[in-house]
Structures are given as structure tokens and as C-alpha cells.
Amino acid sequence: MNEACIYLFSSLLTTIQAVPRDLNDLEDYDDDDRTLDKLLNGDNVTLSDENMWLIPYDEDSTQYLKINFQQPTTVTGIRIWNYNKNLEDTCRGARLIHLYMDDREVSPENGYFLRKGPGHCHFDYAQDIIFNVTQQQQQPHQQSLRKVHGKTTDDTSAMPCGFVFQLRVLSSYGDPYYIGLNGIEIFDQAGHKIQLTENNITAFPHSCNILDGVKDDVRTPDKLVDGVNDTFDGRHMWLAPVFPGQTNIIYIVFDEPITISMIKLWNYSKTPQRGVRQFGIFVDDLLVYSGTLPQPALFSRGIVPGVQLPVQHHTVLFTEAEDIAMKEKGHLLSSSFSMEEQEVTLTNDRAVLKSHKERYSKSNVNQELRPMTSVTSRR
């Protein structure tokens, strides 16, 4: 084990030992702050390496951390915050650990895979390991295997596998101040919907509530997974401010590596100009998809009074399973920006009008002119 911050669900801790103890065991180190006691100082969501533990690592040796209790204690799991000094240094974090209790191994035969630190503090990156729950024994980024006509073959679509799924939002459909979504659903390698809770999802910026003067706006990230996606009710949507030079990111985080076959997205329907346009999907910081999400149909609210068409979802497909592909045939997104990135110039009697590309291009936006918006639980 290289580095990891371990929080114990007990106050009965008496001693903690490590081999090596810290970097000060090396000849050239004598005053390094990244000592063993930092694991228990309570400052875990941080970029300050003064609150982290670091040891020299040798593949040919055994590195271990030993925790002693003053009396027999029932421990159901541990919570780990991996090394998180910065994005580059997250490679120093622990990747695989084996856990023993009274010299008896309680981890799976292949150990537990740990989630890499994010290199930022956009969310609490703690990872819970529960001893009576077996972690999926598949390494992140490992290609999935599936049966086709009775034969086990590589899925050439290489369904992504990882701990942290990011939806990086690159542009809206014209609103320079806000961007949003109605809902997100993700599906495992067998095509079954993965039940997400508010503990799995967050965003940066989080929501409109981070703005001065905005309070109790209900359009928070948890609404993306509340199951109410085909709606025009703002109380079941996510909306966040857009700031210059900053990418809006939605995070879906798991405590074990998850393989997915597809992602369904419902774009923001309350104000279509605030919907997501260009976006990318990252799995453990690796880009697996980039494309454009269509707006909800402009006629969805209904030309005829009292008639309202559904808000359609759009699907990013990672599997070649024919049954899944056929079900989503009418909703599939293509993995390309090429059509959207073409320069289209309109002319009128040889006078050049505003181009299609300029319509959505980012310009210097006066933040002081940001319009206020708020949706509360009662309207």
C-alpha cells in the first residue's frame, strides 16, 4: 500500500503502526510533514499534503498499516480518502489493498481496488469498503466479456469500467448564464438500470444555490436521479450557473468499479436555451465519448392547448448487444462533434449574416447582467 487515509468507525483506537512509517525513514528525509498521525487528524477532503501520509514504496517489499484496539471490536468496514495533493500526484495513491483482521484476510482473494483521488475537492471523495459486501472483481478499464450465440467473446465496443463517471458540459443552446439537465440513467453491462441515489451524484458548480441571493432552489444534482425525467416541472431538474473559463461537470461516483452499457440523458426542458449542447463523458479521467445532445422538441409543450408531447431521452450506447441497440434505435447519439462544428454562413443579398457557429460561441459575458432564477419546493 502506497498512501491512503483510513477513517475507522470506532473511537477505541489505541495504536497505529506502519512499515515503513513515513518518508522520514529515508536517509535524505528528516522533517517531512506527511506522517502517520495525519491519517487520523480529521482533515481528509483536502489538497494540502501536510494532512496526508506518504511512504516510500518498493514492489519487492511489503508495505502495511496496522491498527490495534484496546478490546475486541466489531468493525464493519473502513472509509478511505486516497492521496489527493494534485491531479498529477494522485498516481501516488493506493490502488490495491488486502485487509486482515487478527491475521485472517477479510478482503477478496484479489484484494480491494481503491478509487484514485480526484485531484480536486469538488466533492467528498471518500470511498466506503464494507466487509460483508463483495466488490466486483473487475479492474477499471478492463474490457468486458459477453456471450454471443453461446460463445464468449470480447465486446469490441469496450464497455467502460471505472469508479467515477463525469459528464463534462461544454456549451448550452444559447444561455450564457445557466445550464441544466432533466435526468440521467445509467445501465450495467447486462442492460439493467443501476439504481442511483443522491450519494452517487454531485456537480461542480453544485447548483444555483451557490449564487449570492439564491436560497432553497430545488434544482440540485439529486433531481437528475429522482426518476422524474419526462417533465416540464423545474422541481425535477438540475440547473447550475455558468462561469467564464470554468467547465460544468456532473459526477457519478461509485465505491467499486462499475461497467456500463449505456447512458440515457434527458435535456433541460423548462427553458430549452439552457439545455446541454456539447458534452463529453469521462470514466476515471479518460474520455470515452463526445457529442451533441439535442434540445427537447420545440413542439413538446404542445401547439394544441392541453396536449403535451413527452420529453424524449437520448442514449449514448457502449455495447454491441443487438437487443439493447434495437430498443434504443430511435434515441441513439452519434459520437462526433463534426456536424455541429462545421462553419455555416448565411447570406442575404451577398450580406453575411450571423453564422450558425457564432450563434453558440462563447463570448465575454457580463456577470453583473446575470438574470436571477429560482424554483422552490412550492410554486
# chains A, B, ... in the order shown; residues from 1 in each chain; ligands from 1
call {"tool": "residues_around", "arguments": {"residues": "A:Pro371", "least_positions_apart": "2", "cutoff": "10 Å", "atoms": "only C-alpha atoms", "output": "PyMOL selection string"}}
result
chain A and resi 177-178+367-369+373
call {"tool": "residues_around", "arguments": {"residues": "A:Glu50", "least_positions_apart": "2", "cutoff": "10 Å", "atoms": "only C-alpha atoms", "output": "PyMOL selection string"}}
result
chain A and resi 32-35+38+43+46-48+52-54+85
call {"tool": "closest_residue", "arguments": {"among": "A:Tyr289, A:Tyr57, A:Tyr64, A:Phe318", "to": "A:Arg168", "atoms": "only C-alpha atoms"}}
result
A:Tyr289
call {"tool": "select_by_dssp", "arguments": {"residues": "stretch 190-263 of chain A", "states": "strand (DSSP E)", "output": "MDAnalysis selection string"}}
result
chainID A and resid 201:204 238:241 248:263
call {"tool": "write_last_selection", "arguments": {"atoms": "C-alpha atoms", "output": "mmCIF file, in the first residue's frame"}}
result
data_model
loop_
_atom_site.group_PDB
_atom_site.id
_atom_site.type_symbol
_atom_site.label_atom_id
_atom_site.label_comp_id
_atom_site.auth_asym_id
_atom_site.auth_seq_id
_atom_site.Cartn_x
_atom_site.Cartn_y
_atom_site.Cartn_z
ATOM 1 C CA ILE A 201 -24.225 12.082 -7.803
ATOM 2 C CA THR A 202 -22.978 15.638 -7.444
ATOM 3 C CA ALA A 203 -21.937 18.516 -9.662
ATOM 4 C CA PHE A 204 -19.490 21.380 -9.883
ATOM 5 C CA TRP A 238 -30.806 20.311 -12.282
ATOM 6 C CA LEU A 239 -29.644 23.835 -13.080
ATOM 7 C CA ALA A 240 -26.280 25.444 -12.360
ATOM 8 C CA PRO A 241 -24.602 28.760 -13.162
ATOM 9 C CA ASN A 248 -19.593 22.476 -15.568
ATOM 10 C CA ILE A 249 -19.173 18.833 -14.517
ATOM 11 C CA ILE A 250 -21.664 16.237 -13.283
ATOM 12 C CA TYR A 251 -20.042 13.437 -11.257
ATOM 13 C CA ILE A 252 -21.458 9.925 -10.757
ATOM 14 C CA VAL A 253 -19.292 8.165 -8.157
ATOM 15 C CA PHE A 254 -19.164 4.518 -7.049
ATOM 16 C CA ASP A 255 -17.244 2.705 -4.315
ATOM 17 C CA GLU A 256 -16.413 -0.182 -6.648
ATOM 18 C CA PRO A 257 -15.627 -0.400 -10.380
ATOM 19 C CA ILE A 258 -18.797 -0.429 -12.471
ATOM 20 C CA THR A 259 -19.129 -1.483 -16.126
ATOM 21 C CA ILE A 260 -21.797 0.342 -18.111
ATOM 22 C CA SER A 261 -23.519 -0.469 -21.398
ATOM 23 C CA MET A 262 -25.295 2.858 -21.970
ATOM 24 C CA ILE A 263 -26.278 6.229 -20.537
#
call {"tool": "closest_residue", "arguments": {"among": "A:Ser334, A:Gln273, A:Thr376, A:Asn110", "to": "A:Asp175", "atoms": "only C-alpha atoms"}}
result
A:Gln273
call {"tool": "closest_residue", "arguments": {"among": "A:Leu196, A:Ala190, A:Met326, A:Val169", "to": "A:Ser290", "atoms": "only C-alpha atoms"}}
result
A:Val169
call {"tool": "residues_around", "arguments": {"residues": "A:Leu317", "least_positions_apart": "3", "cutoff": "9 Å", "atoms": "only C-alpha atoms", "output": "PDB file with N, CA and C atoms, in the first residue's frame"}}
result
ATOM      1  N   SER A 157     -17.018  -3.060 -28.468  1.00  0.00           N
ATOM      2  CA  SER A 157     -17.375  -1.698 -28.104  1.00  0.00           C
ATOM      3  C   SER A 157     -16.652  -1.268 -26.839  1.00  0.00           C
ATOM      4  N   MET A 159     -16.995  -1.711 -23.398  1.00  0.00           N
ATOM      5  CA  MET A 159     -17.818  -1.008 -22.420  1.00  0.00           C
ATOM      6  C   MET A 159     -16.942  -0.451 -21.300  1.00  0.00           C
ATOM      7  N   SER A 261     -23.205  -0.190 -19.998  1.00  0.00           N
ATOM      8  CA  SER A 261     -23.519  -0.469 -21.398  1.00  0.00           C
ATOM      9  C   SER A 261     -24.100   0.743 -22.097  1.00  0.00           C
ATOM     10  N   MET A 262     -24.735   1.659 -21.352  1.00  0.00           N
ATOM     11  CA  MET A 262     -25.295   2.858 -21.970  1.00  0.00           C
ATOM     12  C   MET A 262     -25.666   3.879 -20.904  1.00  0.00           C
ATOM     13  N   ILE A 263     -25.824   5.113 -21.368  1.00  0.00           N
ATOM     14  CA  ILE A 263     -26.278   6.229 -20.537  1.00  0.00           C
ATOM     15  C   ILE A 263     -27.425   6.906 -21.263  1.00  0.00           C
ATOM     16  N   LYS A 264     -28.517   7.160 -20.545  1.00  0.00           N
ATOM     17  CA  LYS A 264     -29.651   7.899 -21.102  1.00  0.00           C
ATOM     18  C   LYS A 264     -29.680   9.304 -20.499  1.00  0.00           C
ATOM     19  N   GLU A 320     -22.458  -3.635 -28.002  1.00  0.00           N
ATOM     20  CA  GLU A 320     -22.906  -4.105 -29.309  1.00  0.00           C
ATOM     21  C   GLU A 320     -24.039  -5.125 -29.181  1.00  0.00           C
ATOM     22  N   ILE A 324     -30.265  -4.621 -26.955  1.00  0.00           N
ATOM     23  CA  ILE A 324     -30.220  -3.284 -26.370  1.00  0.00           C
ATOM     24  C   ILE A 324     -30.229  -2.225 -27.465  1.00  0.00           C
ATOM     25  N   ALA A 325     -29.429  -2.457 -28.502  1.00  0.00           N
ATOM     26  CA  ALA A 325     -29.342  -1.484 -29.590  1.00  0.00           C
ATOM     27  C   ALA A 325     -30.686  -1.299 -30.293  1.00  0.00           C
ATOM     28  N   GLU A 328     -33.064   0.910 -28.325  1.00  0.00           N
ATOM     29  CA  GLU A 328     -32.682   2.324 -28.286  1.00  0.00           C
ATOM     30  C   GLU A 328     -32.457   2.915 -29.680  1.00  0.00           C
ATOM     31  N   LEU A 332     -30.491   6.953 -30.322  1.00  0.00           N
ATOM     32  CA  LEU A 332     -29.035   6.898 -30.247  1.00  0.00           C
ATOM     33  C   LEU A 332     -28.388   8.201 -30.686  1.00  0.00           C
ATOM     34  N   LEU A 333     -27.307   8.563 -29.970  1.00  0.00           N
ATOM     35  CA  LEU A 333     -26.492   9.719 -30.322  1.00  0.00           C
ATOM     36  C   LEU A 333     -25.249   9.246 -31.062  1.00  0.00           C
TER      37      LEU A 333
END
call {"tool": "residues_around", "arguments": {"residues": "A:His98", "least_positions_apart": "2", "cutoff": "7 Å", "atoms": "only C-alpha atoms", "output": "number ranges by chain"}}
result
A: 100, 107, 111-112
